[in-house]
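Chemist: Have a look at this one.
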Protein chains: 2
Amino acid sequence: MAKADRQRGNSEKRERILQGALRAFAQNGFYNTRVSDVASEAGVADGTIYLYFKNKDDLLISLFEDRMEWIIDRLRDELEAVDGGVLPRLRAFVQLHFHLAVEHRDLAEFITVELRQSAKFVKEYENPKFGAYLEILRSLIERGQREGVLRSDLDSRLVSRAIFGALDEVLLQLALAHKPPADVTDEAHQIAEMLIDGLTPREHHKPTSTE
Amino acid sequence: MAKADRQRGNSEKRERILQGALRAFAQNGFYNTRVSDVASEAGVADGTIYLYFKNKDDLLISLFEDRMEWIIDRLRDELEAVDGGVLPRLRAFVQLHFHLAVEHRDLAEFITVELRQSAKFVKEYENPKFGAYLEILRSLIERGQREGVLRSDLDSRLVSRAIFGALDEVLLQLALAHKPPADVTDEAHQIAEMLIDGLTPREHHKPTSTE
DNA sequence: AACTAATAACTGAATGCTCATTCACTTCGC
DNA sequence: GCGAAGTGAATGAGCATTCAGTTATTAGTT
């Protein structure tokens, strides 16, 4: 059990550091956070961080990877648990997105604020996990299009990006404004209805095929 | 004309610095840009920047104010020139948003990437210009709701944020991907159609009033 | 119009501060 | 008592900001 303990000890400390980094970055942003801030937030010495991460950039990227993976797993699991077709799942997706964020405010602030920056400026980092997130949404939309419950004249990639953007922006407000859960459910509902109405088929969508 | 020349000379240099800052920030982000980078981009000495701006933060904020004001003025002007009701204007708004961004890629990258960061971390800066931008959209939506061409069961503030988010996220991709203008028009069109279909009234929106 | 002086605009090397990162040393687990 | 894990003071690089010195502009005087 020695090995297992070591393992556990190791990754427990790693996790503590990640948690400290999350709190610190969410509060002050990556560039305004000192490595020593993360260290004291995590209750370790400055040097310890370098036993688990190559440098400050690596800490940021690792935090992304780790937390995004967690989010994606939860989303996937909870979506699969939703019975019914594409529309209920889309609604669930929006609700989940918002409620996850409210339950984990630090995480929400971190991701909404740092995602763009980091994607662009942390050299040679492609952010594959964010791609996976979008992919969940995209495949859901494509399925809806194939089944005929969603209009097919829109590009699924484009639409999923637009939806993500809408959610993300509204989220940013929610996270910063400390809104109560009831409001969150309501706002999520409104957004979901708007998006779904925008995506369900209507007569005028195919003016060429008069058949 | 001596006085006028001095004036012109002054603000021309200020503008040169802002332009340099825009290019530099768009390329490398605020935190990865040295003041001396801005200086050389603008063709002035490092010290000169401090004759026009209090410090690096002030330069960032001034750039926001200045460029946002320019954008807002253009949006307002061009929207007023659109005849017809709310729907054509909404469509025009989306097209304008995208085409402005493509014509001014640096500006688009700067705003999409730095807006959130700055809003949150440049102390005591409330970003009133961004509020004015959202307000244009919100008042357009409210008018549509009053006139009955847009559904009234959604909060206009929430919706305008969601729309901004959707546009902004798609824009980010467009700006980074260097897409040709034809694609831009098409993507703008798709987004506009989706949003408008999501916002126009349908029977099921008021299930309580069976009347 | 030429000269002078006063003022404003500009310059960029020097200053000093803020951290990320390292490493000689200590502590822990076995 | 050995190897791994952890520590935190010391190092040094990077960079925002300053300011003594230079150059351009304007106004005043003859």
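If you're wondering about the labels, chains in the structure tokens are A, B, ... by order shown, residues count from 1 in each chain, ligands from 1 in order shown.
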Counting only C-alpha atoms (C1' of nucleotides), collect the residues of chain A whose closest atom lies at most 10 Å from chain C, and write them out as a list in words.

Modeler: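 Applying the cut-off to the listed atoms yields Ala2, Arg6, Thr33, Arg34, Val35, Ser36, Asp46, Gly47, Tyr50, Asn55 and Lys56 of chain A.
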
Chemist: When you get a sec, could you note down which chain A residues fall within 10 Å of chain D, using only C-alpha atoms (C1' of nucleotides), as a list in words?

Modeler: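 Here is what falls inside 10 Å: Asn10, Val44, Ala45, Asp46, Gly47, Thr48, Ile49 and Leu51 of chain A.
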
Chemist: Residues as selected, N, CA and C atoms, written as a CSV table (one decimal), in the first residue's frame, can you do that?

Modeler:
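Result file selection-v3.csv:
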```
chain,number,residue,atom,x,y,z
A,10,ASN,N,0.9,12.3,-3.4
A,10,ASN,CA,1.3,13.1,-4.5
A,10,ASN,C,0.1,13.9,-5.2
A,44,VAL,N,1.3,25.5,0.5
A,44,VAL,CA,2.6,24.9,0.2
A,44,VAL,C,3.7,25.9,0.0
A,45,ALA,N,4.9,25.5,-0.1
A,45,ALA,CA,6.0,26.5,-0.3
A,45,ALA,C,6.1,26.8,-1.8
A,46,ASP,N,6.6,28.0,-2.2
A,46,ASP,CA,6.7,28.4,-3.6
A,46,ASP,C,7.3,27.3,-4.4
A,47,GLY,N,8.4,26.7,-3.9
A,47,GLY,CA,9.2,25.8,-4.6
A,47,GLY,C,8.4,24.5,-4.9
A,48,THR,N,7.5,24.1,-4.1
A,48,THR,CA,6.8,22.9,-4.2
A,48,THR,C,6.0,22.9,-5.5
A,49,ILE,N,5.5,24.0,-5.9
A,49,ILE,CA,4.7,24.1,-7.2
A,49,ILE,C,5.6,23.6,-8.3
A,51,LEU,N,7.6,21.3,-8.3
A,51,LEU,CA,7.8,19.8,-8.3
A,51,LEU,C,6.7,19.2,-9.1
```

Chemist: Within 8 Å of chain A, which residues of chain B show up when using only C-alpha atoms, listed as a ChimeraX atom specification?

Modeler: /B:28-29,31,113-114,116-117,121,154-155,158-159,161-170,187,190-191,193-199

Chemist: Save out the residues we just selected, N, CA and C atoms, as a short mmCIF file (atom, residue, chain, number, x, y, z; two decimals), in the first residue's frame.

Modeler:
```cif
data_model
loop_
_atom_site.label_atom_id
_atom_site.label_comp_id
_atom_site.auth_asym_id
_atom_site.auth_seq_id
_atom_site.Cartn_x
_atom_site.Cartn_y
_atom_site.Cartn_z
N ASN B 28 -0.23 40.66 -29.31
CA ASN B 28 0.36 39.93 -28.18
C ASN B 28 -0.42 39.99 -26.89
N GLY B 29 -1.50 40.73 -26.87
CA GLY B 29 -2.24 40.87 -25.61
C GLY B 29 -1.61 41.93 -24.73
N TYR B 31 -0.87 42.08 -21.53
CA TYR B 31 0.16 41.74 -20.56
C TYR B 31 1.46 41.29 -21.20
N VAL B 113 -10.72 39.81 -27.29
CA VAL B 113 -9.84 39.12 -26.35
C VAL B 113 -9.65 39.89 -25.04
N GLU B 114 -9.57 41.22 -25.12
CA GLU B 114 -9.21 41.97 -23.93
C GLU B 114 -10.39 42.48 -23.11
N ARG B 116 -13.06 41.28 -21.59
CA ARG B 116 -13.42 40.65 -20.33
C ARG B 116 -12.37 40.85 -19.27
N GLN B 117 -11.16 40.51 -19.63
CA GLN B 117 -10.02 40.74 -18.75
C GLN B 117 -10.08 42.11 -18.14
N PHE B 121 -10.29 43.40 -14.36
CA PHE B 121 -9.07 43.56 -13.59
C PHE B 121 -8.43 44.93 -13.61
N LEU B 154 -39.52 37.35 -23.18
CA LEU B 154 -38.10 37.26 -22.84
C LEU B 154 -37.60 38.61 -22.36
N ASP B 155 -36.68 38.58 -21.43
CA ASP B 155 -36.12 39.81 -20.89
C ASP B 155 -35.14 40.43 -21.89
N LEU B 158 -31.43 40.42 -20.93
CA LEU B 158 -30.84 39.09 -21.04
C LEU B 158 -30.59 38.72 -22.50
N VAL B 159 -31.59 38.97 -23.31
CA VAL B 159 -31.48 38.60 -24.72
C VAL B 159 -30.36 39.38 -25.40
N ARG B 161 -27.69 40.54 -24.13
CA ARG B 161 -26.42 39.96 -23.73
C ARG B 161 -26.12 38.66 -24.46
N ALA B 162 -27.14 37.84 -24.55
CA ALA B 162 -26.95 36.55 -25.22
C ALA B 162 -26.55 36.78 -26.68
N ILE B 163 -27.22 37.72 -27.30
CA ILE B 163 -26.89 38.01 -28.70
C ILE B 163 -25.47 38.52 -28.83
N PHE B 164 -25.14 39.44 -27.96
CA PHE B 164 -23.76 39.94 -28.02
C PHE B 164 -22.77 38.80 -27.87
N GLY B 165 -23.03 37.93 -26.91
CA GLY B 165 -22.14 36.80 -26.69
C GLY B 165 -22.00 35.93 -27.92
N ALA B 166 -23.12 35.65 -28.55
CA ALA B 166 -23.09 34.81 -29.74
C ALA B 166 -22.27 35.47 -30.84
N LEU B 167 -22.54 36.74 -31.08
CA LEU B 167 -21.79 37.46 -32.12
C LEU B 167 -20.31 37.48 -31.79
N ASP B 168 -20.01 37.77 -30.56
CA ASP B 168 -18.63 37.95 -30.15
C ASP B 168 -17.83 36.67 -30.31
N GLU B 169 -18.43 35.56 -29.94
CA GLU B 169 -17.72 34.29 -30.02
C GLU B 169 -17.47 33.90 -31.48
N VAL B 170 -18.50 34.06 -32.29
CA VAL B 170 -18.33 33.72 -33.70
C VAL B 170 -17.29 34.63 -34.34
N GLU B 187 -22.14 33.74 -42.90
CA GLU B 187 -22.24 33.36 -41.50
C GLU B 187 -23.09 34.36 -40.74
N GLN B 190 -26.69 33.53 -41.42
CA GLN B 190 -27.18 32.38 -40.67
C GLN B 190 -27.48 32.73 -39.21
N ILE B 191 -26.55 33.43 -38.61
CA ILE B 191 -26.73 33.81 -37.21
C ILE B 191 -27.96 34.70 -37.07
N GLU B 193 -30.58 34.89 -38.93
CA GLU B 193 -31.82 34.13 -39.13
C GLU B 193 -32.16 33.31 -37.89
N MET B 194 -31.14 32.70 -37.35
CA MET B 194 -31.39 31.90 -36.15
C MET B 194 -31.92 32.77 -35.01
N LEU B 195 -31.29 33.89 -34.81
CA LEU B 195 -31.70 34.76 -33.71
C LEU B 195 -33.11 35.30 -33.93
N ILE B 196 -33.38 35.72 -35.14
CA ILE B 196 -34.69 36.30 -35.42
C ILE B 196 -35.79 35.26 -35.29
N ASP B 197 -35.54 34.07 -35.80
CA ASP B 197 -36.55 33.02 -35.63
C ASP B 197 -36.75 32.70 -34.16
N GLY B 198 -35.69 32.83 -33.39
CA GLY B 198 -35.82 32.56 -31.96
C GLY B 198 -36.56 33.67 -31.24
N LEU B 199 -36.66 34.82 -31.87
CA LEU B 199 -37.24 35.97 -31.19
C LEU B 199 -38.63 36.36 -31.69
#
```

Chemist: Go ahead and compute the interatomic distance for CA of Ile17 (chain A) and CA of Met68 (chain A), in Å to one decimal.

Modeler: 16.5 Å

Chemist: Please identify which residues in chain A DSSP calls helix (DSSP H, G or I) from the backbone, and express them as a ChimeraX atom specification.

Modeler: /A:2-28,35-42,46-52,56-81,86-103,105-121,128-147,156-177,181-199,203-205

Chemist: Please measure the separation of CA of Ala177 (chain B) and CA of Val102 (chain B), giving the value in Å to one decimal.

Modeler: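 These two atoms are separated by 10.6 Å.
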